[in-house]
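Undergrad: Below are the C-alpha cells for one structure; questions will follow.
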Amino acid sequence: YEFVGKLMGLAIRTLNYHSFHFSGVVWKPLVYDQVTVSDVTSIDALAFKNSENILNAERKNASADTFNKAMANLRFTVKLRDGNIVELVPGGSKIKVNWDNRKRYCRLLTEYKLNEYKVQCDAIRRGLATVVPYQILSLFTWRDLQDQVCGRIVVDVQLLKSMTRYAGFRKNGRGRINAFSPHIKMFWKMMDERMDNFQRSKLIFFIWGRSRLPVNRQGFERHFTIMAHPASQRSNKNPDQYLPVAHTCFFQLELPEYSNVDRMYEKMMFACTHCTSIDGDTTAAARAAAQAGNTAL
C-alpha cells in the first residue's frame with residue numbers, strides 16, 4: 001500500500017495520471033478528512049443492515065422480548081467482504097445483541113465500518129508523503145487530491161478544445177483543416193451534444209490511452225491534434241465507410257470528413273468500443289471488428 005502512495009505522489013509530481021477508481025473511503029483519510037456513513041454505503045450497501053434492522057424494530061415499538069427473539073442470532077461481530085468474521089469487542093462472538101446493549105452494538109459497528117480501511121489508508125499516506133510532504137496534503141480536499149492523481153473525472157470539452165491543433169488538408173484540395181472546417185465543427189458538436197461523460201472518456205482513451213484529461217492547460221504534455229485521414233481522401237472513396245484512426249503516443253486523431261453528425265457519432269463509438277488496443281490496427285481482432293461494422297480502417 002505504501003507503493004500505491006508513492007505512485008500517487010509521482011502522478012502529482014510528473015502529471016502522469018493513474019486510473020485509480022477509489023471511493024471517498026480511500027481518498028478522504030489521505031487528506032485527514034472524515035469518512036461518512038454515505039461514503040461506506042456507496043461501496044457496501046449492506047454495511048449497516050443490522051443497524052437498520054435495529055432502528056426499524058425501535059420504530060415499531062417492539063418489546064424487549066420480541067426484539068431479543070428477533071436478534072437471537074446476532075452477535076458483537078462483523079462480517080467482512082472477504083467472508084472473515086471480526087469481533088467488535090473481545091469475546092464478541094459469544095455476546096448476543098439484546099435490547100439493553102443494542103445501542104452499543106450500533107455504535108461499535110459504525111465505528112468499525114468508518115475505520116475499516118484505516119491501516120491501508122495510513123500506509124498509502126506514508127508512501128504518498130515520501131514524495132509529497134504531509135503539510136501540502138493538508139491543503140487538498142479529497143476531490144482535489146483525486147484530480148491531481150487521476151485527472152478530472154468530468155471531461156472538460158472546452159479545455160480540450162483550447163489545447164487542440166489541426167493538421168493536413170481537406171479532401172479534393174479544399175484547403176487546410178482548421179477549426180472552421182465542417183467536419184471539425186461537427187466533431188465538437190458531437191462532443192458537446194451527443195456524447196455523455198462516459199462516452200467522452202472512452203473517446204479520450206481511444207485517442208490518448210488514458211480516460212481522463214489533466215486538470216488544466218499546464219498539465220498537458222502535448223497538444224491534441226486532429227489530422228486529415230489519408231485513406232478516405234482518395235477521389236473514389238467515401239469517408240462515411242471509414243473509421244477514425246488514433247495515434248495514442250502522440251495524442252493525434254485522423255478524422256474522416258463524415259457527411260453528418262450521426263455518421264460521425266456511429267463510427268466514433270464503434271471505434272471507442274471495439275478498437276481500444278494500442279498499436280492493434282493490423283491485428284486479426286481489429287480487422288474482424290472492422291469487417292463486422294462493414295467499414296474500413
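In the C-alpha cells, chains take the letters A, B, ... in the order shown, each chain's residues start at 1, and ligands count up from 1 in the order shown.
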Go through region 35-90 of chain A and flag each residue having an atom no more than 12 Å from region 113-124 of chain A; for those, report the closest pair of atoms plus their distance in Å to one decimal, using only C-alpha atoms, ordered by chain and rising number, as CSV.
TA:
```
residue,atom,partner,partner_atom,distance
A:Val35,CA,A:Leu114,CA,6.0
A:Thr36,CA,A:Leu114,CA,6.7
A:Val37,CA,A:Leu114,CA,6.9
A:Ser38,CA,A:Leu114,CA,9.9
A:Asp39,CA,A:Leu114,CA,8.6
A:Val40,CA,A:Leu114,CA,6.9
A:Thr41,CA,A:Lys113,CA,9.6
A:Ile43,CA,A:Lys113,CA,11.4
A:Asp44,CA,A:Lys113,CA,9.9
A:Ala45,CA,A:Lys113,CA,11.9
A:Leu46,CA,A:Lys113,CA,11.1
A:Ala47,CA,A:Lys113,CA,7.3
A:Phe48,CA,A:Lys113,CA,8.4
A:Lys49,CA,A:Lys113,CA,11.8
A:Ser51,CA,A:Lys113,CA,11.7
A:Thr77,CA,A:Lys113,CA,11.7
A:Val78,CA,A:Lys113,CA,9.0
A:Lys79,CA,A:Lys113,CA,10.5
A:Leu80,CA,A:Glu116,CA,9.2
A:Arg81,CA,A:Glu116,CA,10.8
A:Val86,CA,A:Glu116,CA,10.8
A:Leu88,CA,A:Lys113,CA,10.5
```
Undergrad: Determine, counting only C-alpha atoms, which protein, DNA and RNA residues have an atom within 12 Å of an atom of Ser63 (chain A); residues of the same chain fewer than 6 positions away are not included. Present the result as a list in words.
TA: Ala57, Lys69, Ala70, Asn98, Trp99 and Asp100 of chain A
Undergrad: How would the residues just chosen look if you wrote them out with C-alpha atoms as a PDB file, in the first residue's frame?
TA:
```
ATOM      1  CA  ALA A  57     -37.583  -2.546  15.440  1.00  0.00           C
ATOM      2  CA  LYS A  69     -36.080 -13.122  19.839  1.00  0.00           C
ATOM      3  CA  ALA A  70     -35.688 -11.362  16.502  1.00  0.00           C
ATOM      4  CA  ASN A  98     -30.163  -7.639  23.038  1.00  0.00           C
ATOM      5  CA  TRP A  99     -32.432  -4.744  23.938  1.00  0.00           C
ATOM      6  CA  ASP A 100     -30.075  -3.443  26.619  1.00  0.00           C
TER       7      ASP A 100
END
```
Undergrad: Using only C-alpha atoms, can you tell me which of A:Ser42, A:Gln148, A:Ser259, A:Asn68 comes closest to Met8 (chain A)?
TA: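 Counting only C-alpha atoms, the residue closest to Met8 (chain A) is A:Gln148.
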Undergrad: Could you pull out the residues in region 143-252 of chain A that DSSP calls helix (DSSP H, G or I) from the backbone, as a count of residues only?
TA: 54
Undergrad: For region 160-196 of chain A versus region 248-257 of chain A, which residues have an atom no more than 10 Å away, and what is each residue's nearest atom pair and distance in Å rounded to one decimal, using only C-alpha atoms, chain-then-number order, as a Markdown table?
TA:
```
| residue | atom | partner | partner_atom | distance |
| --- | --- | --- | --- | --- |
| A:Thr164 | CA | A:Gln252 | CA | 9.6 |
| A:Arg165 | CA | A:Gln252 | CA | 9.4 |
| A:Tyr166 | CA | A:Gln252 | CA | 9.5 |
| A:Ala167 | CA | A:Glu254 | CA | 9.4 |
| A:Gly168 | CA | A:Glu254 | CA | 9.6 |
| A:Arg170 | CA | A:Glu257 | CA | 7.9 |
| A:Lys171 | CA | A:Glu257 | CA | 7.8 |
| A:Ser181 | CA | A:Glu257 | CA | 9.3 |
| A:Pro182 | CA | A:Glu257 | CA | 8.0 |
| A:His183 | CA | A:Glu257 | CA | 5.4 |
| A:Ile184 | CA | A:Glu257 | CA | 8.4 |
| A:Met186 | CA | A:Glu257 | CA | 9.4 |
| A:Phe187 | CA | A:Leu255 | CA | 8.9 |
```
Undergrad: Using the selection just defined, write its residues with C-alpha atoms as a PDB file, in the first residue's frame.
TA:
```pdb
ATOM      1  CA  THR A 164      -6.274  21.311 -29.977  1.00  0.00           C
ATOM      2  CA  ARG A 165      -4.322  21.874 -33.160  1.00  0.00           C
ATOM      3  CA  TYR A 166      -5.243  20.917 -36.704  1.00  0.00           C
ATOM      4  CA  ALA A 167      -3.028  19.418 -39.414  1.00  0.00           C
ATOM      5  CA  GLY A 168      -3.305  18.398 -43.047  1.00  0.00           C
ATOM      6  CA  ARG A 170      -9.185  18.584 -46.699  1.00  0.00           C
ATOM      7  CA  LYS A 171     -10.361  16.200 -49.396  1.00  0.00           C
ATOM      8  CA  SER A 181     -13.769  23.071 -41.326  1.00  0.00           C
ATOM      9  CA  PRO A 182     -17.220  21.437 -41.457  1.00  0.00           C
ATOM     10  CA  HIS A 183     -16.119  18.054 -40.066  1.00  0.00           C
ATOM     11  CA  ILE A 184     -14.174  19.765 -37.247  1.00  0.00           C
ATOM     12  CA  MET A 186     -19.172  18.572 -36.429  1.00  0.00           C
ATOM     13  CA  PHE A 187     -16.662  16.855 -34.115  1.00  0.00           C
TER      14      PHE A 187
END
```
Undergrad: Between CA of Leu109 (chain A) and CA of Asp82 (chain A), measure the distance and give it in Å to one decimal.
TA: 17.0 Å
Undergrad: Write out, as a Markdown table, each residue of region 57-154 of chain A that has an atom at most 7 Å from region 214-224 of chain A, together with the closest pair of atoms and their distance in Å to one decimal, counting only C-alpha atoms, rows going by chain and rising number.
TA:
```
| residue | atom | partner | partner_atom | distance |
| --- | --- | --- | --- | --- |
| A:Asp147 | CA | A:Val215 | CA | 6.7 |
| A:Gly151 | CA | A:Pro214 | CA | 4.8 |
| A:Arg152 | CA | A:Val215 | CA | 5.8 |
```
Undergrad: Just asking: which residues within region 20-209 of chain A are strand (DSSP E) according to DSSP, as a VMD selection string?
TA: chain A and resid 77 to 79 85 to 87 164 to 167
Undergrad: Those same residues, written as an mmCIF file, in the first residue's frame with all heavy atoms?
TA:
```
data_model
loop_
_atom_site.group_PDB
_atom_site.id
_atom_site.type_symbol
_atom_site.label_atom_id
_atom_site.label_comp_id
_atom_site.auth_asym_id
_atom_site.auth_seq_id
_atom_site.Cartn_x
_atom_site.Cartn_y
_atom_site.Cartn_z
ATOM 1 N N THR A 77 -20.169 -9.035 16.370
ATOM 2 C CA THR A 77 -19.185 -9.330 15.332
ATOM 3 C C THR A 77 -19.603 -8.618 14.052
ATOM 4 O O THR A 77 -20.725 -8.132 13.925
ATOM 5 C CB THR A 77 -19.090 -10.843 15.056
ATOM 6 O OG1 THR A 77 -20.374 -11.320 14.632
ATOM 7 C CG2 THR A 77 -18.636 -11.602 16.286
ATOM 8 N N VAL A 78 -18.693 -8.571 13.107
ATOM 9 C CA VAL A 78 -18.991 -8.005 11.798
ATOM 10 C C VAL A 78 -18.349 -8.904 10.751
ATOM 11 O O VAL A 78 -17.224 -9.378 10.920
ATOM 12 C CB VAL A 78 -18.469 -6.559 11.674
ATOM 13 C CG1 VAL A 78 -16.967 -6.476 11.893
ATOM 14 C CG2 VAL A 78 -18.839 -5.978 10.315
ATOM 15 N N LYS A 79 -19.091 -9.153 9.687
ATOM 16 C CA LYS A 79 -18.584 -9.983 8.596
ATOM 17 C C LYS A 79 -17.964 -9.094 7.536
ATOM 18 O O LYS A 79 -18.608 -8.178 7.027
ATOM 19 C CB LYS A 79 -19.718 -10.816 7.990
ATOM 20 C CG LYS A 79 -19.247 -11.828 6.956
ATOM 21 C CD LYS A 79 -20.406 -12.708 6.483
ATOM 22 C CE LYS A 79 -19.924 -13.759 5.493
ATOM 23 N NZ LYS A 79 -21.034 -14.640 5.044
ATOM 24 N N ILE A 85 -14.819 -13.133 9.823
ATOM 25 C CA ILE A 85 -15.596 -12.558 10.930
ATOM 26 C C ILE A 85 -14.647 -11.869 11.903
ATOM 27 O O ILE A 85 -13.636 -12.441 12.326
ATOM 28 C CB ILE A 85 -16.396 -13.656 11.670
ATOM 29 C CG1 ILE A 85 -17.316 -14.400 10.700
ATOM 30 C CG2 ILE A 85 -17.192 -13.040 12.812
ATOM 31 C CD1 ILE A 85 -18.385 -13.553 10.081
ATOM 32 N N VAL A 86 -14.975 -10.633 12.266
ATOM 33 C CA VAL A 86 -14.163 -9.862 13.206
ATOM 34 C C VAL A 86 -15.025 -9.514 14.418
ATOM 35 O O VAL A 86 -16.188 -9.113 14.275
ATOM 36 C CB VAL A 86 -13.633 -8.566 12.558
ATOM 37 C CG1 VAL A 86 -12.921 -7.691 13.595
ATOM 38 C CG2 VAL A 86 -12.686 -8.896 11.418
ATOM 39 N N GLU A 87 -14.469 -9.669 15.622
ATOM 40 C CA GLU A 87 -15.191 -9.326 16.844
ATOM 41 C C GLU A 87 -15.103 -7.830 17.108
ATOM 42 O O GLU A 87 -14.022 -7.230 16.993
ATOM 43 C CB GLU A 87 -14.614 -10.101 18.035
ATOM 44 C CG GLU A 87 -14.819 -11.607 17.932
ATOM 45 C CD GLU A 87 -14.258 -12.350 19.135
ATOM 46 O OE1 GLU A 87 -13.288 -11.826 19.747
ATOM 47 O OE2 GLU A 87 -14.770 -13.430 19.468
ATOM 48 N N THR A 164 -6.210 22.067 -28.725
ATOM 49 C CA THR A 164 -6.274 21.311 -29.977
ATOM 50 C C THR A 164 -5.638 22.080 -31.130
ATOM 51 O O THR A 164 -5.843 23.284 -31.285
ATOM 52 C CB THR A 164 -7.740 20.970 -30.331
ATOM 53 O OG1 THR A 164 -8.314 20.213 -29.277
ATOM 54 C CG2 THR A 164 -7.809 20.160 -31.619
ATOM 55 N N ARG A 165 -4.876 21.340 -31.922
ATOM 56 C CA ARG A 165 -4.322 21.874 -33.160
ATOM 57 C C ARG A 165 -4.853 21.037 -34.326
ATOM 58 O O ARG A 165 -5.328 19.925 -34.130
ATOM 59 C CB ARG A 165 -2.787 21.811 -33.128
ATOM 60 C CG ARG A 165 -2.157 22.757 -32.109
ATOM 61 C CD ARG A 165 -0.655 22.564 -32.054
ATOM 62 N NE ARG A 165 -0.018 23.538 -31.167
ATOM 63 C CZ ARG A 165 1.270 23.508 -30.846
ATOM 64 N NH1 ARG A 165 2.049 22.551 -31.322
ATOM 65 N NH2 ARG A 165 1.771 24.424 -30.030
ATOM 66 N N TYR A 166 -4.722 21.594 -35.524
ATOM 67 C CA TYR A 166 -5.243 20.917 -36.704
ATOM 68 C C TYR A 166 -4.129 20.801 -37.737
ATOM 69 O O TYR A 166 -3.297 21.710 -37.892
ATOM 70 C CB TYR A 166 -6.443 21.680 -37.267
ATOM 71 C CG TYR A 166 -7.506 21.937 -36.213
ATOM 72 C CD1 TYR A 166 -7.549 23.144 -35.513
ATOM 73 C CD2 TYR A 166 -8.431 20.957 -35.868
ATOM 74 C CE1 TYR A 166 -8.493 23.374 -34.517
ATOM 75 C CE2 TYR A 166 -9.376 21.172 -34.878
ATOM 76 C CZ TYR A 166 -9.395 22.388 -34.206
ATOM 77 O OH TYR A 166 -10.320 22.598 -33.220
ATOM 78 N N ALA A 167 -4.118 19.669 -38.466
ATOM 79 C CA ALA A 167 -3.028 19.418 -39.414
ATOM 80 C C ALA A 167 -3.565 18.735 -40.665
ATOM 81 O O ALA A 167 -4.502 17.945 -40.606
ATOM 82 C CB ALA A 167 -1.949 18.548 -38.766
#
```
Undergrad: From the list A:Arg212, A:Lys28, A:Pro244, A:Tyr112, which residue is nearest Ala231 (chain A) when using only C-alpha atoms?
TA: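 Counting only C-alpha atoms, the residue closest to Ala231 (chain A) is A:Pro244.
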